[in-house]
$ cat entry14.txt   # compact mmCIF, C-alpha atoms
# COMPACT_ATOMS: atom_id res chain seq x y z
CA MET A 24 -137.98 -143.10 -69.99
CA PRO A 25 -136.56 -144.00 -66.60
CA ARG A 26 -135.17 -141.08 -64.70
CA SER A 27 -131.58 -142.36 -64.57
CA ILE A 28 -131.42 -142.87 -68.34
CA ARG A 29 -132.75 -139.34 -68.91
CA GLN A 30 -130.08 -137.89 -66.67
CA ILE A 31 -127.32 -139.87 -68.39
CA THR A 32 -128.62 -138.72 -71.77
CA VAL A 33 -128.57 -135.06 -70.77
CA LEU A 34 -125.07 -135.50 -69.37
CA LEU A 35 -123.84 -137.11 -72.57
CA ILE A 36 -125.43 -134.35 -74.70
CA LEU A 37 -123.69 -131.70 -72.64
CA ILE A 38 -120.36 -133.46 -72.78
CA GLY A 39 -120.83 -133.92 -76.50
CA GLY A 40 -121.71 -130.23 -76.84
CA GLY A 41 -118.57 -129.37 -74.97
CA LEU A 42 -116.52 -131.58 -77.26
CA VAL A 43 -118.14 -130.01 -80.31
CA ILE A 44 -117.30 -126.56 -79.01
CA ILE A 45 -113.73 -127.59 -78.24
CA PHE A 46 -113.18 -129.05 -81.63
CA SER A 47 -114.95 -126.25 -83.44
CA GLY A 48 -112.80 -123.68 -81.42
CA ALA A 49 -109.63 -125.42 -82.47
CA SER A 50 -110.53 -124.79 -86.07
CA GLY A 51 -110.09 -120.99 -85.70
CA ARG A 52 -113.64 -119.77 -85.00
CA GLU A 53 -112.75 -117.68 -81.92
CA ASN A 54 -114.22 -114.58 -83.54
CA GLY A 55 -117.41 -116.16 -84.57
CA ILE A 56 -120.71 -114.34 -84.45
CA GLU A 57 -121.91 -116.14 -81.34
CA THR A 58 -118.73 -115.24 -79.46
CA ARG A 59 -119.03 -111.62 -80.42
CA ILE A 60 -122.68 -111.45 -79.40
CA LEU A 61 -121.86 -113.08 -76.11
CA TYR A 62 -118.99 -110.71 -75.45
CA LEU A 63 -121.12 -107.76 -76.45
CA VAL A 64 -123.83 -108.75 -74.02
CA THR A 65 -121.53 -109.54 -71.13
CA ARG A 66 -119.07 -106.66 -71.51
CA PRO A 67 -121.18 -103.94 -69.78
CA PHE A 68 -121.90 -106.22 -66.86
CA GLN A 69 -118.27 -107.22 -66.61
CA GLN A 70 -117.16 -103.63 -66.75
CA SER A 71 -119.67 -102.54 -64.13
CA ALA A 72 -118.67 -105.38 -61.89
CA ALA A 73 -115.00 -104.60 -62.39
CA THR A 74 -115.59 -100.92 -61.63
CA VAL A 75 -117.53 -101.66 -58.49
CA GLN A 76 -114.91 -104.16 -57.44
CA GLY A 77 -112.16 -101.64 -58.11
CA ARG A 78 -113.94 -99.01 -56.08
CA LEU A 79 -114.58 -101.37 -53.26
CA ALA A 80 -110.95 -102.44 -53.30
CA ALA A 81 -109.82 -98.81 -53.31
CA THR A 82 -112.16 -97.94 -50.45
CA TRP A 83 -110.97 -100.88 -48.49
CA GLN A 84 -107.36 -99.96 -49.20
CA SER A 85 -108.05 -96.38 -48.17
CA TYR A 86 -109.60 -97.56 -44.98
CA LEU A 87 -106.59 -99.78 -44.31
CA ASN A 88 -104.28 -96.86 -45.09
CA LEU A 89 -106.24 -94.49 -42.87
CA VAL A 90 -105.75 -96.81 -39.98
CA ASN A 91 -102.00 -96.11 -40.12
CA VAL A 92 -101.94 -92.70 -41.74
CA GLN A 93 -102.29 -90.70 -38.52
CA GLU A 94 -99.31 -92.39 -36.98
CA GLU A 95 -97.35 -92.05 -40.19
CA ASN A 96 -98.31 -88.39 -40.46
CA ARG A 97 -97.10 -87.70 -36.95
CA ALA A 98 -93.84 -89.48 -37.66
CA LEU A 99 -93.39 -87.56 -40.91
CA LYS A 100 -94.13 -84.24 -39.21
CA ASN A 101 -91.50 -85.01 -36.59
CA GLU A 102 -89.08 -85.93 -39.33
CA VAL A 103 -89.79 -82.67 -41.20
CA ARG A 104 -89.32 -80.66 -37.99
CA ARG A 105 -86.05 -82.43 -37.29
CA LEU A 106 -84.85 -81.83 -40.86
CA VAL A 107 -85.80 -78.16 -40.73
CA GLU A 108 -83.89 -77.76 -37.46
CA GLU A 109 -80.94 -79.60 -38.94
CA ARG A 110 -81.05 -77.40 -42.04
CA THR A 111 -81.18 -74.21 -39.96
CA ARG A 112 -78.28 -75.39 -37.84
CA LEU A 113 -76.24 -76.27 -40.93
CA LEU A 114 -77.04 -72.95 -42.60
CA ASN A 115 -75.97 -71.12 -39.44
CA GLU A 116 -72.77 -73.11 -39.22
CA GLU A 117 -72.05 -72.57 -42.89
CA SER A 118 -72.59 -68.84 -42.52
CA GLU A 119 -70.40 -68.76 -39.41
CA ASN A 120 -67.69 -70.76 -41.18
CA ARG A 121 -67.75 -68.36 -44.10
CA ARG A 122 -67.46 -65.33 -41.82
CA LEU A 123 -64.68 -66.86 -39.74
CA LYS A 124 -62.80 -67.93 -42.86
CA LYS A 125 -62.99 -64.35 -44.12
CA LEU A 126 -61.66 -63.09 -40.78
CA PHE A 127 -58.84 -65.65 -40.73
CA ASN A 128 -57.84 -64.74 -44.27
CA PHE A 129 -57.84 -61.10 -43.23
CA LYS A 130 -55.81 -61.92 -40.12
CA ALA A 131 -53.25 -63.81 -42.18
CA GLN A 132 -52.50 -60.65 -44.21
CA TYR A 133 -51.15 -58.76 -41.22
CA GLU A 134 -48.25 -59.37 -38.90
CA PHE A 135 -49.70 -58.02 -35.66
CA SER A 136 -51.32 -60.35 -33.18
CA SER A 137 -55.08 -60.35 -32.93
CA LEU A 138 -57.95 -62.43 -31.66
CA ILE A 139 -61.45 -63.10 -32.86
CA ALA A 140 -64.39 -62.15 -30.65
CA GLN A 141 -68.11 -62.64 -30.85
CA VAL A 142 -70.60 -59.81 -30.43
CA ILE A 143 -72.75 -60.61 -27.37
CA GLY A 144 -74.65 -57.42 -26.60
CA GLU A 145 -75.43 -53.91 -27.68
CA ASP A 146 -75.64 -50.45 -26.20
CA SER A 147 -78.11 -50.42 -23.32
CA VAL A 148 -79.72 -47.06 -24.11
CA GLY A 149 -79.28 -46.64 -27.83
CA TRP A 150 -78.10 -43.02 -27.63
CA TYR A 151 -74.53 -44.22 -28.16
CA ARG A 152 -73.12 -46.65 -30.70
CA THR A 153 -71.39 -49.39 -28.80
CA PHE A 154 -71.53 -53.16 -28.47
CA PHE A 155 -70.06 -55.85 -26.28
CA VAL A 156 -67.76 -58.71 -27.25
CA ASN A 157 -67.00 -61.95 -25.41
CA ARG A 158 -63.27 -61.24 -24.90
CA GLY A 159 -61.82 -59.37 -21.97
CA SER A 160 -58.64 -58.67 -20.05
CA HIS A 161 -58.09 -62.41 -19.47
CA ASP A 162 -57.65 -62.76 -23.22
CA GLY A 163 -55.28 -59.81 -23.38
CA VAL A 164 -57.81 -57.20 -24.42
CA ALA A 165 -57.31 -53.67 -23.06
CA PRO A 166 -58.95 -50.28 -23.62
CA LYS A 167 -58.02 -48.39 -26.80
CA MET A 168 -57.34 -51.55 -28.80
CA ALA A 169 -58.52 -51.44 -32.40
CA VAL A 170 -61.41 -53.61 -33.52
CA THR A 171 -61.86 -54.59 -37.14
CA ALA A 172 -63.81 -56.94 -39.37
CA ALA A 173 -62.87 -58.46 -42.71
CA GLU A 174 -64.74 -55.67 -44.50
CA GLY A 175 -63.07 -52.79 -42.64
CA ILE A 176 -62.50 -51.13 -39.28
CA VAL A 177 -65.22 -51.35 -36.63
CA GLY A 178 -64.13 -49.23 -33.67
CA ARG A 179 -62.04 -49.39 -30.54
CA VAL A 180 -62.28 -50.99 -27.11
CA THR A 181 -63.43 -48.49 -24.48
CA ARG A 182 -64.10 -50.51 -21.33
CA CYS A 183 -62.95 -53.94 -20.41
CA SER A 184 -63.74 -56.58 -17.82
CA THR A 185 -62.16 -60.00 -17.40
CA GLY A 186 -64.51 -61.73 -19.82
CA SER A 187 -66.02 -59.01 -21.97
CA ALA A 188 -65.24 -55.65 -23.50
CA GLN A 189 -67.18 -52.67 -24.77
CA VAL A 190 -66.44 -51.48 -28.29
CA LEU A 191 -67.15 -47.91 -29.44
CA LEU A 192 -68.06 -47.91 -33.13
CA ILE A 193 -66.57 -45.54 -35.69
CA SER A 194 -70.12 -44.34 -36.40
CA ASP A 195 -70.23 -42.74 -32.92
CA PRO A 196 -69.16 -39.08 -32.80
CA ASN A 197 -67.00 -39.79 -29.75
CA LEU A 198 -64.46 -41.73 -31.82
CA SER A 199 -61.96 -40.02 -34.12
CA VAL A 200 -59.75 -41.87 -36.58
CA ASP A 201 -56.95 -40.44 -38.67
CA CYS A 202 -57.66 -41.44 -42.26
CA ARG A 203 -56.39 -41.05 -45.78
CA LEU A 204 -58.05 -41.17 -49.19
CA ILE A 205 -56.50 -43.93 -51.31
CA ARG A 206 -56.71 -42.08 -54.63
CA THR A 207 -55.70 -38.55 -53.68
CA ARG A 208 -53.63 -39.40 -50.55
CA ASP A 209 -55.34 -36.54 -48.67
CA ARG A 210 -55.55 -36.88 -44.91
CA GLY A 211 -58.53 -36.12 -42.68
CA VAL A 212 -60.11 -36.95 -39.35
CA LEU A 213 -63.06 -39.30 -39.41
CA ASN A 214 -65.85 -38.95 -36.84
CA GLY A 215 -69.18 -40.65 -36.49
CA SER A 216 -72.27 -38.65 -37.25
CA LEU A 217 -75.42 -38.61 -35.12
CA ASP A 218 -77.48 -38.93 -38.29
CA GLY A 219 -75.70 -42.20 -39.12
CA GLY A 220 -72.58 -42.87 -41.18
CA CYS A 221 -69.33 -40.97 -40.70
CA ILE A 222 -67.85 -37.60 -41.67
CA LEU A 223 -64.29 -37.13 -42.86
CA ARG A 224 -63.32 -33.62 -41.74
CA TYR A 225 -60.44 -31.21 -42.31
CA LEU A 226 -59.73 -32.17 -45.93
CA ASP A 227 -57.72 -29.66 -47.89
CA LEU A 228 -59.88 -27.27 -49.94
CA ARG A 229 -57.78 -28.12 -53.02
CA SER A 230 -58.39 -31.81 -52.58
CA ASP A 231 -59.80 -33.68 -55.56
CA VAL A 232 -61.96 -35.93 -53.39
CA LYS A 233 -64.96 -37.38 -55.23
CA PRO A 234 -67.89 -39.62 -54.33
CA GLY A 235 -66.80 -43.24 -54.60
CA ASP A 236 -63.27 -42.62 -53.28
CA GLU A 237 -62.14 -45.20 -50.74
CA VAL A 238 -60.96 -44.12 -47.29
CA VAL A 239 -58.35 -46.08 -45.34
CA THR A 240 -56.65 -45.62 -41.97
CA SER A 241 -53.47 -43.58 -42.08
CA GLY A 242 -51.85 -45.29 -39.09
CA LEU A 243 -50.80 -41.92 -37.69
CA ASP A 244 -53.15 -42.01 -34.70
CA SER A 245 -51.33 -44.99 -33.12
CA LEU A 246 -54.71 -46.61 -32.77
CA PHE A 247 -55.37 -48.39 -36.05
CA PRO A 248 -52.69 -49.95 -38.26
CA LYS A 249 -52.14 -48.28 -41.59
CA GLY A 250 -54.14 -49.23 -44.67
CA LEU A 251 -57.31 -50.73 -43.20
CA LEU A 252 -60.43 -49.93 -45.18
CA VAL A 253 -62.81 -47.49 -43.47
CA GLY A 254 -65.49 -46.78 -46.08
CA THR A 255 -66.44 -44.99 -49.25
CA VAL A 256 -67.04 -41.29 -49.83
CA GLN A 257 -70.67 -40.51 -50.63
CA VAL A 258 -71.01 -36.73 -50.59
CA VAL A 259 -68.40 -33.95 -50.58
CA ARG A 260 -69.16 -30.45 -49.24
CA LYS A 261 -67.48 -27.44 -47.68
CA GLY A 262 -67.06 -27.43 -43.92
CA PRO A 263 -69.04 -25.06 -41.64
CA GLN A 264 -66.45 -22.25 -41.76
CA GLY A 265 -65.49 -22.84 -45.38
CA LEU A 266 -61.87 -23.50 -44.45
CA PHE A 267 -61.90 -27.22 -45.17
CA LEU A 268 -63.77 -29.77 -47.20
CA GLU A 269 -65.64 -32.54 -45.50
CA ALA A 270 -66.92 -35.80 -46.92
CA GLN A 271 -69.73 -38.00 -45.81
CA VAL A 272 -68.41 -41.55 -45.64
CA LYS A 273 -70.38 -44.78 -45.71
CA PRO A 274 -68.62 -47.29 -43.44
CA ALA A 275 -67.48 -50.49 -45.15
CA VAL A 276 -68.89 -52.53 -42.29
CA ASP A 277 -72.62 -52.93 -41.77
CA PHE A 278 -72.77 -52.60 -37.98
CA SER A 279 -76.28 -53.99 -37.69
CA GLU A 280 -75.20 -57.28 -39.29
CA ILE A 281 -71.88 -57.78 -37.57
CA GLU A 282 -71.49 -60.97 -35.49
CA GLU A 283 -67.76 -61.56 -35.17
CA VAL A 284 -64.94 -59.05 -34.99
CA MET A 285 -61.17 -59.11 -34.73
CA ILE A 286 -59.46 -57.29 -31.86
CA ILE A 287 -55.97 -56.15 -32.74
CA LEU A 288 -53.90 -56.64 -29.63
CA GLY A 289 -52.18 -53.28 -29.25
CA GLN A 290 -48.52 -52.53 -29.24
CA PRO A 291 -47.07 -50.01 -26.78
CA GLY A 292 -46.18 -46.90 -28.73
CA GLY A 293 -48.54 -47.69 -31.55
CA PHE A 294 -48.18 -49.66 -34.75
CA ASP A 295 -45.24 -49.57 -37.07
CA ILE A 296 -46.09 -47.93 -40.32
CA GLN A 297 -45.73 -50.67 -42.86
CA PRO A 298 -44.91 -49.28 -46.28
CA GLY A 299 -46.77 -50.98 -49.07
CA LEU A 300 -49.53 -52.28 -46.85
CA GLU A 301 -52.13 -50.32 -48.72
CA GLU A 302 -50.92 -51.76 -52.03
CA LYS A 303 -51.42 -55.27 -50.65
CA ARG A 304 -55.12 -54.66 -50.40
CA MET B 17 -85.63 -52.46 2.48
CA ARG B 18 -88.31 -54.68 1.00
CA ASP B 19 -88.97 -51.94 -1.59
CA LEU B 20 -85.33 -51.88 -2.60
CA ILE B 21 -85.17 -55.68 -2.84
CA PHE B 22 -88.26 -55.72 -5.04
CA ILE B 23 -87.07 -53.08 -7.46
CA THR B 24 -83.46 -54.28 -7.52
CA ALA B 25 -84.64 -57.77 -8.47
CA PHE B 26 -85.70 -56.30 -11.81
CA SER B 27 -82.32 -54.75 -12.55
CA PHE B 28 -80.51 -57.75 -13.92
CA PRO B 29 -83.32 -59.10 -16.14
CA THR B 30 -84.00 -55.58 -17.40
CA LEU B 31 -80.34 -55.09 -18.22
CA LEU B 32 -80.24 -58.37 -20.12
CA VAL B 33 -83.38 -57.52 -22.06
CA GLN B 34 -82.15 -54.00 -22.77
CA THR B 35 -78.74 -55.10 -24.12
CA THR B 36 -79.77 -58.20 -26.04
CA ILE B 37 -83.37 -59.05 -26.92
CA VAL B 38 -84.91 -55.64 -27.59
CA GLY B 39 -82.49 -54.92 -30.42
CA HIS B 40 -83.93 -57.84 -32.39
CA PHE B 41 -87.37 -56.24 -32.47
CA ILE B 42 -86.67 -52.53 -32.51
CA ASN B 43 -83.84 -50.63 -34.17
CA VAL B 44 -81.09 -50.17 -31.56
CA GLY B 45 -81.29 -46.40 -31.77
CA TYR B 46 -85.02 -46.33 -31.06
CA LYS B 47 -85.34 -48.98 -28.39
CA PRO B 48 -87.23 -47.98 -25.26
CA ASP B 49 -85.46 -47.24 -22.00
CA PHE B 50 -86.90 -49.82 -19.59
CA PHE B 51 -84.73 -48.58 -16.73
CA LEU B 52 -86.22 -45.12 -17.05
CA ILE B 53 -89.70 -46.65 -16.83
CA LEU B 54 -88.61 -48.58 -13.72
CA VAL B 55 -87.22 -45.40 -12.17
CA PHE B 56 -90.46 -43.58 -12.90
CA TRP B 57 -92.51 -46.41 -11.38
CA ALA B 58 -90.25 -46.50 -8.32
CA ALA B 59 -90.66 -42.75 -7.88
CA ILE B 60 -94.44 -42.98 -7.73
CA ARG B 61 -94.83 -46.26 -5.83
CA ILE B 62 -92.05 -47.07 -3.39
CA SER B 63 -90.31 -45.23 -0.60
CA PHE B 64 -88.21 -42.15 -1.36
CA ILE B 65 -84.90 -43.59 -0.14
CA ALA B 66 -85.32 -46.95 -1.92
CA ALA B 67 -86.35 -45.27 -5.18
CA SER B 68 -83.50 -42.80 -4.95
CA VAL B 69 -80.92 -45.55 -4.36
CA PHE B 70 -82.40 -47.57 -7.20
CA ALA B 71 -82.31 -44.59 -9.57
CA PHE B 72 -78.63 -44.11 -8.82
CA ILE B 73 -77.76 -47.82 -9.26
CA ALA B 74 -79.79 -48.06 -12.46
CA GLY B 75 -78.06 -44.96 -13.81
CA LEU B 76 -74.63 -46.39 -13.07
CA LEU B 77 -75.58 -49.64 -14.79
CA MET B 78 -76.70 -47.73 -17.84
CA ASP B 79 -73.46 -45.75 -17.83
CA LEU B 80 -71.44 -48.95 -17.71
CA PHE B 81 -73.42 -50.65 -20.44
CA SER B 82 -73.55 -47.73 -22.85
CA GLY B 83 -71.03 -45.35 -24.31
CA ALA B 84 -72.01 -42.61 -21.86
CA PRO B 85 -69.41 -41.04 -19.57
CA LEU B 86 -69.60 -42.66 -16.15
CA GLY B 87 -72.09 -40.82 -13.94
CA LEU B 88 -74.18 -39.20 -16.67
CA PHE B 89 -77.16 -41.53 -16.40
CA ALA B 90 -76.79 -41.73 -12.61
CA ILE B 91 -77.50 -37.99 -12.58
CA ILE B 92 -80.18 -38.13 -15.28
CA TYR B 93 -82.11 -40.86 -13.47
CA GLN B 94 -81.83 -39.01 -10.18
CA MET B 95 -83.37 -35.98 -11.86
CA VAL B 96 -86.09 -38.12 -13.45
CA PHE B 97 -86.80 -39.67 -10.07
CA LEU B 98 -87.02 -36.31 -8.31
CA ALA B 99 -89.22 -34.74 -10.98
CA SER B 100 -91.54 -37.76 -11.11
CA ALA B 101 -91.86 -38.02 -7.33
CA TYR B 102 -92.62 -34.30 -7.08
CA LEU B 103 -95.18 -34.34 -9.90
CA HIS B 104 -96.85 -37.41 -8.42
CA SER B 105 -97.10 -35.76 -5.01
CA VAL B 106 -98.78 -32.74 -6.61
CA PHE B 107 -100.94 -34.24 -9.36
CA GLN B 108 -101.44 -37.86 -8.23
CA MET B 109 -100.67 -39.37 -11.64
CA GLU B 110 -102.88 -42.42 -11.52
CA ASN B 111 -104.18 -42.66 -15.06
CA HIS B 112 -102.41 -44.19 -18.05
CA VAL B 113 -102.27 -41.03 -20.13
CA ALA B 114 -100.66 -38.97 -17.37
CA ARG B 115 -98.09 -41.65 -16.67
CA ALA B 116 -97.32 -42.16 -20.37
CA MET B 117 -96.93 -38.40 -20.82
CA SER B 118 -94.59 -38.28 -17.85
CA VAL B 119 -92.44 -41.08 -19.29
CA PHE B 120 -92.46 -39.29 -22.64
CA CYS B 121 -91.22 -36.07 -21.03
CA ALA B 122 -88.66 -37.92 -18.92
CA MET B 123 -87.31 -39.72 -21.99
CA ALA B 124 -87.20 -36.54 -24.07
CA GLY B 125 -85.50 -34.72 -21.19
CA SER B 126 -82.89 -37.41 -20.69
CA GLY B 127 -82.23 -37.46 -24.46
CA CYS B 128 -81.73 -33.68 -24.41
CA MET B 129 -79.22 -34.02 -21.60
CA VAL B 130 -77.35 -36.75 -23.47
CA PHE B 131 -77.16 -34.60 -26.60
CA LEU B 132 -76.13 -31.58 -24.56
CA VAL B 133 -73.20 -33.54 -23.15
CA ARG B 134 -72.37 -34.85 -26.61
CA MET B 135 -72.41 -31.32 -28.00
CA LEU B 136 -69.98 -30.20 -25.34
CA THR B 137 -67.62 -33.12 -25.81
CA GLY B 138 -67.41 -33.67 -29.55
CA PRO B 139 -67.97 -32.33 -33.04
CA ASN B 140 -71.69 -33.01 -33.31
CA GLU B 141 -74.21 -31.48 -35.64
CA PHE B 142 -77.80 -31.24 -34.52
CA GLY B 143 -80.68 -31.01 -36.89
CA TRP B 144 -84.23 -32.09 -37.53
CA GLY B 145 -83.06 -35.73 -37.74
CA ILE B 146 -81.95 -35.62 -34.11
CA VAL B 147 -85.25 -34.08 -32.98
CA GLN B 148 -87.15 -36.82 -34.82
CA TRP B 149 -84.95 -39.48 -33.23
CA LEU B 150 -85.52 -38.02 -29.78
CA LEU B 151 -89.29 -37.72 -30.19
CA LEU B 152 -89.72 -41.17 -31.68
CA LYS B 153 -87.68 -42.79 -28.93
CA ALA B 154 -89.70 -40.93 -26.30
CA ILE B 155 -92.98 -42.02 -27.91
CA ILE B 156 -91.86 -45.67 -28.03
CA SER B 157 -90.84 -45.59 -24.36
CA ALA B 158 -94.16 -43.95 -23.41
CA LEU B 159 -96.10 -46.65 -25.29
CA PHE B 160 -94.18 -49.40 -23.53
CA SER B 161 -94.83 -47.74 -20.18
CA VAL B 162 -98.59 -48.10 -20.77
CA ALA B 163 -98.18 -51.87 -20.55
CA LEU B 164 -95.27 -52.08 -18.15
CA ILE B 165 -96.46 -49.84 -15.31
CA PRO B 166 -99.73 -51.77 -14.69
CA ALA B 167 -97.71 -55.01 -14.82
CA LEU B 168 -95.32 -53.65 -12.22
CA ASP B 169 -98.28 -52.52 -10.09
CA TRP B 170 -99.74 -56.01 -10.27
CA LEU B 171 -96.44 -57.61 -9.26
CA TRP B 172 -95.99 -55.06 -6.49
CA ASN B 173 -99.44 -55.86 -5.08
CA GLY B 174 -98.63 -59.57 -5.09
CA TYR B 175 -95.26 -58.95 -3.47
CA SER B 176 -96.84 -56.71 -0.84
CA LYS B 177 -99.21 -59.52 0.13
CA LEU B 178 -96.34 -61.98 0.41
CA VAL B 179 -94.02 -59.58 2.23
CA PRO B 180 -96.22 -57.12 4.12
CA ALA B 181 -94.84 -53.81 5.29
CA ARG B 182 -94.04 -53.64 9.01

$ encode --input "entry14.txt" --output "structure tokens"
Amino acid sequence: MPRSIRQITVLLILIGGGLVIIFSGASGRENGIETRILYLVTRPFQQSAATVQGRLAATWQSYLNLVNVQEENRALKNEVRRLVEERTRLLNEESENRRLKKLFNFKAQYEFSSLIAQVIGEDSVGWYRTFFVNRGSHDGVAPKMAVTAAEGIVGRVTRCSTGSAQVLLISDPNLSVDCRLIRTRDRGVLNGSLDGGCILRYLDLRSDVKPGDEVVTSGLDSLFPKGLLVGTVQVVRKGPQGLFLEAQVKPAVDFSEIEEVMIILGQPGGFDIQPGLEEKR
Amino acid sequence: MRDLIFITAFSFPTLLVQTTIVGHFINVGYKPDFFLILVFWAAIRISFIAASVFAFIAGLLMDLFSGAPLGLFAIIYQMVFLASAYLHSVFQMENHVARAMSVFCAMAGSGCMVFLVRMLTGPNEFGWGIVQWLLLKAIISALFSVALIPALDWLWNGYSKLVPAR
């Protein structure tokens, strides 16, 4: 048989085979035995090939990603740092806003003029309890003016320059404040104690003072207005000579945490006693 | 004069550190007295007049920036200066332990004087708590002096090379 005829014959057989397969497939023999055997044989190879291809693709993708990941990482780190700084700043501002709002609300309750000051320094030696605020004589501050916070009284101004003032805290023994117990109405003199906290001295022996009683300013020392919270009685005991009672008082203000204070601009001759001020609290 | 310039240059930074930064790391009541360490160093290293003037100025600064009556620390630092200068002239305090002990004693002594004045001026009660406070503060100052005095010596040597004595 000539070579060309043989080739044409093979071609026709193959085409015919293809047609047979097409027409036999159209008659619903997709799941025939030969198909299943073929699939069964080819499946593991296909799967292996697909797995290898997948891995190769993943490796290639990883490589492509790694090319940019360092730059991206640096950018993300910068972003995180910026966000952390932003968050810290916002938290600080929020905290400051809350404190100032408290002070403004407190200020609005009273008629006397006052100004808000920021704490900028502390006692240089530590033997005394003082701190410095960023308001001075240019702002109208003068020695002996009362200093308070929203929680209670803080102390009084002792020294003053044009732009700053020194405040002596009520927890220092050098400061005395005339006080009254809200519940029993007993009067006493409050001094700081070297061991920390304050001591309310010269309470009447018959006084019914108990731990938990609140102490407020009496207004009789012409230094602090009447009715400002001082602290809470913790322990009650007899004084050294047994003539008076004395009470250990925990100040309402935490002096180690304080950041802003309110300076009450003094009035010559002291403050007017305002009846009912204590009831407003 | 060069001694006084050197030691006075430390006054302002020391004051700033003493009234602001230190309180963040150590409880305000227990913070070390850097000025006392400076006075002690001045007493054993620089001229008598310069150290004496510095002790007085440093004391006044401390009076102004604490609740102490004006002049109290000026006197205390003068006494610390005199005692330190005398002890150094007799014992040549050149090792760390001797210098730390001296600062400890100076700090404890100055604390005693402060409490003595407080006792005379107000209704104060003294007890074991006060003694503990005083001792702990003195120990902290002495420990700081172990690092600070060699640093000051090093700076002083550098300064002396730059500005030699006539």

$ residues_around --input "entry14.txt" --residues "Val113 of chain B" --least-positions-apart "5" --cutoff "12 Å" --atoms "all atoms listed in the file" --output "compact mmCIF listing (two decimals) with C-alpha atoms, keeping the file's coordinate frame"
# COMPACT_ATOMS: atom_id res chain seq x y z
CA SER B 118 -94.59 -38.28 -17.85
CA VAL B 119 -92.44 -41.08 -19.29
CA PHE B 120 -92.46 -39.29 -22.64
CA ALA B 158 -94.16 -43.95 -23.41
CA LEU B 159 -96.10 -46.65 -25.29
CA SER B 161 -94.83 -47.74 -20.18
CA VAL B 162 -98.59 -48.10 -20.77
CA ALA B 163 -98.18 -51.87 -20.55
CA ILE B 165 -96.46 -49.84 -15.31

$ closest_atom_pairs --input "entry14.txt" --of "chain B" --to "chain A" --cutoff "8 Å" --atoms "all atoms listed in the file" --output "tab-separated table"
residue	atom	partner	partner_atom	distance
B:Leu31	CA	A:Ser147	CA	7.3
B:Gln34	CA	A:Ser147	CA	5.4
B:Thr35	CA	A:Ser147	CA	4.8
B:Thr36	CA	A:Gly144	CA	5.2
B:Gly39	CA	A:Glu145	CA	7.6
B:Val44	CA	A:Gly149	CA	5.4
B:Gly45	CA	A:Gly149	CA	4.4
B:Tyr46	CA	A:Gly149	CA	6.6
B:Lys47	CA	A:Gly149	CA	6.5
B:Pro48	CA	A:Val148	CA	7.7
B:Asp49	CA	A:Val148	CA	6.1
B:Met78	CA	A:Ser147	CA	6.3
B:Phe81	CA	A:Ser147	CA	5.5
B:Ser82	CA	A:Asp146	CA	4.8
B:Gly83	CA	A:Tyr151	CA	5.3
B:Ala84	CA	A:Tyr151	CA	7.0
B:Gly127	CA	A:Trp150	CA	7.6
B:Val130	CA	A:Trp150	CA	7.6
B:Arg134	CA	A:Asn197	CA	7.9
B:Thr137	CA	A:Asn197	CA	7.8
B:Gly138	CA	A:Asn197	CA	6.1
B:Pro139	CA	A:Pro196	CA	6.9
B:Asn140	CA	A:Pro196	CA	6.6
B:Glu141	CA	A:Leu217	CA	7.3
B:Phe142	CA	A:Leu217	CA	7.8
B:Gly145	CA	A:Asp218	CA	6.5
B:Ile146	CA	A:Asp218	CA	7.0

$ atom_distance --input "entry14.txt" --atom1 "atom CA of Ser27 of chain A" --atom2 "atom CA of Gly39 of chain A"
18.1 Å

$ atom_distance --input "entry14.txt" --atom1 "atom CA of Leu88 of chain B" --atom2 "atom CA of Ala116 of chain B"
23.6 Å

$ atom_distance --input "entry14.txt" --atom1 "atom CA of Val232 of chain A" --atom2 "atom CA of Leu204 of chain A"
7.8 Å

$ closest_residue --input "entry14.txt" --among "B:Phe22, B:Phe160, B:Phe72, B:Phe131" --to "Met95 of chain B" --atoms "all atoms listed in the file"
B:Phe72

$ residues_around --input "entry14.txt" --residues "Ala172 of chain A" --least-positions-apart "3" --cutoff "9 Å" --atoms "only C-alpha atoms" --output "PyMOL selection string"
chain A and resi 125-126+129+175-177+276+281+283-286

$ closest_residue --input "entry14.txt" --among "B:Val106, B:Cys121, B:Met17, B:Met129" --to "Val179 of chain B" --atoms "all atoms listed in the file"
B:Met17

$ residues_near_point --input "entry14.txt" --point "(-86.6, -57.7, -11.8)" --cutoff "12 Å" --atoms "all atoms listed in the file" --output "list in words"
Asp19, Leu20, Ile21, Phe22, Ile23, Thr24, Ala25, Phe26, Ser27, Phe28, Pro29, Thr30, Leu31, Leu32, Val33, Phe50, Phe51, Leu54, Phe70, Ala74, Ala167, Leu168, Leu171 and Trp172 of chain B
